[in-house]
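Q: The structure that follows is given in the form of C-alpha cells.
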Amino acid sequence: MSAHLFNLRTAPVPNFPLSYDSRSPPHMETFEAFFEDWLAQQEAFLDQLLLRASAPQGQSCPSHDHRGDGDGDGEADRALIEQVLGHYQRFYEEKTRVAREDAFLFFSAPWLTSFERTFLWIGDFKPTLLFRFLGSAVDGLTAAQSEEVERIGAETRWRERELTEAMARVQESVGAPPLLCLLRASAGQPPRDGELCALEVAMAQLKEAMVAVLEDANALRAATARRLMEVLSPAQTVKLLAAAAQFQVRIRWWGKQRAASAALR
C-alpha cells in the first residue's frame with residue numbers, strides 16, 4: 001500500500017497576515033474549482049470501484065498479508081486501489097496547502113452544501129465513519145480480521161475524542177482578552193493603543209493552532225484508512241473504498257437537491 005498517501009504534515013505552518021476582506025479570497029475560488037474537478041473524477045473512480053466490487057472473484061482467502069484474491073483479480077484490485085489512493089492524496093495535498101493560507105476556510109467549507117457540512121468533523125468526515133462503511137459493505141471477515149478491526153476502531157475513537165477536545169480548547173481561546181478587541185473592531189470600535197499588535201499575534205497563534213488540529217485530524221483519517229487496508233484483502237478494500245466514495249457522492253447529490261428545493265420555496 002502506498003505510504004506516501006499518509007505523509008500529511010511535511011512543511012512548517014507559515015505566519016499569517018491579519019487582514020479583512022468581504023470578497024471571496026482567490027484561494028477559496030481556486031480550491032472550489034479544484035474540488036468540483038476532483039469530485040467529477042471521484043465519480044469516475046466510483047464507477048470503476050463498483051464494477052470491480054461486483055465482478056466475480058476467483059477463489060479468495062482473505063488474510064492479514066493479502067495473499068489470495070485469485071491471481072489476476074487481486075492484481076486488478078490493487079492497481080485500482082493505488083489509483084484511488086493517489087486521487088485522495090491529491091485532495092489532501094491541495095487541502096493542506098490552502099488551509100495553511102486560510103485556516104478558517106476549512107472550518108466553514110463554503111464549497112459544500114449545508115447538508116454536507118452537517119457531517120463535518122474538524123474540516124472533513126470523521127474517521128470512524130469508515131467502520132460503518134466496513135460493516136455495511138464488506139463481508140467475509142475472518143475472526144483475526146474482525147479482532148484487528150475492533151482494535152483499530154477503539155484506538156480511532158480514543159484519538160477522535162482527543163482531537164475533539166483539542167479543537168474545543170482552540171475555540172475557547174477565541175474568548176481570550178487579545179481577541180476581544182476584534183469584537184470591538186467589528187462593532188465599529190477600533191482597537192485601543194497597543195491592542196492591534198497583540199491582536200495580530202493572537203490571530204496568528206489561533207490560525208496556527210487551527211491548522212495543527214486540522215492536520216492532525218487529516219493524519220488520523222489517513223492513518224485509519226491505511227490501517228484498515230492493511231487488514232483487508234484487495235477485494236475487501238475495493239468494497240470499502242466504493243462505499244466511502246458512494247457516501248460522498250450521494251450526500252453531495254442530496255445536498256444539492258435540498259438546496260434547490262429550498263430555493264424554490
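Scheme for the C-alpha cells: letters A, B, ... for chains in order shown; per-chain residue numbers from 1; ligand numbers from 1 in order shown.
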Could you list, as a compact mmCIF listing (two decimals) with C-alpha atoms, in the first residue's frame, every residue within 10 Å of Arg159 of chain A, counting only C-alpha atoms and ignoring same-chain residues fewer than 3 positions away?
A:
```
# COMPACT_ATOMS: atom_id res chain seq x y z
CA PRO A 127 -12.50 8.63 10.60
CA GLY A 153 -11.77 1.18 15.91
CA ALA A 154 -11.22 1.57 19.65
CA GLU A 155 -7.93 3.41 19.11
CA THR A 156 -9.50 5.65 16.46
CA GLU A 162 -8.53 13.74 21.95
CA LEU A 163 -8.74 15.88 18.83
CA THR A 164 -12.29 17.00 19.61
CA GLU A 165 -11.03 18.24 22.98
CA ASP A 216 -3.71 16.03 12.98
CA ALA A 217 -7.32 15.20 12.04
CA LEU A 220 -5.90 10.37 11.68
```
Q: Give me the residues near segment 91-96 of chain A as a list in words, where near means some atom within 8 Å (using only C-alpha atoms) and where sequence neighbours in that chain fewer than 4 positions away do not count.
A: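 The neighbour list is Leu8, Phe31, Phe35, Trp38, His87, Arg100, Glu215 and Asn218 of chain A.
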Q: Check the smallest atom-to-atom distance from each of A:Gln171, A:Thr128, A:Ser136, A:Thr30 to Ala223 of chain A using only C-alpha atoms, then report the winner.
A: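 Checking each candidate against Ala223 of chain A, we get A:Thr128 as the closest.
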Q: Contacts of Gly255 of chain A at 10 Å or less, counting only C-alpha atoms, minus same-chain residues fewer than 4 places along, as a list in words?
A: Leu112, Thr113, Ser114, Phe115, Glu116, Arg117, Val249, Arg250, Ile251, Ala259, Ala260 and Ser261 of chain A
Q: Which residues are close to Asp102 of chain A, i.e. within 8 Å by only C-alpha atoms, leaving aside same-chain residues fewer than 4 positions away? Reply as a ChimeraX atom specification.
A: /A:98,106,207
Q: Return the single residue from A:Ala245, A:Val213, A:Gln145, A:Ala168 that is closest to Glu230 of chain A, with distances computed using only C-alpha atoms.
A: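 Of the candidates, the smallest distance to Glu230 of chain A is held by A:Gln145.
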Q: What separation in Å, quoted to one decimal, exists between atom CA of Arg265 of chain A and atom CA of Leu39 of chain A?
A: 28.2 Å
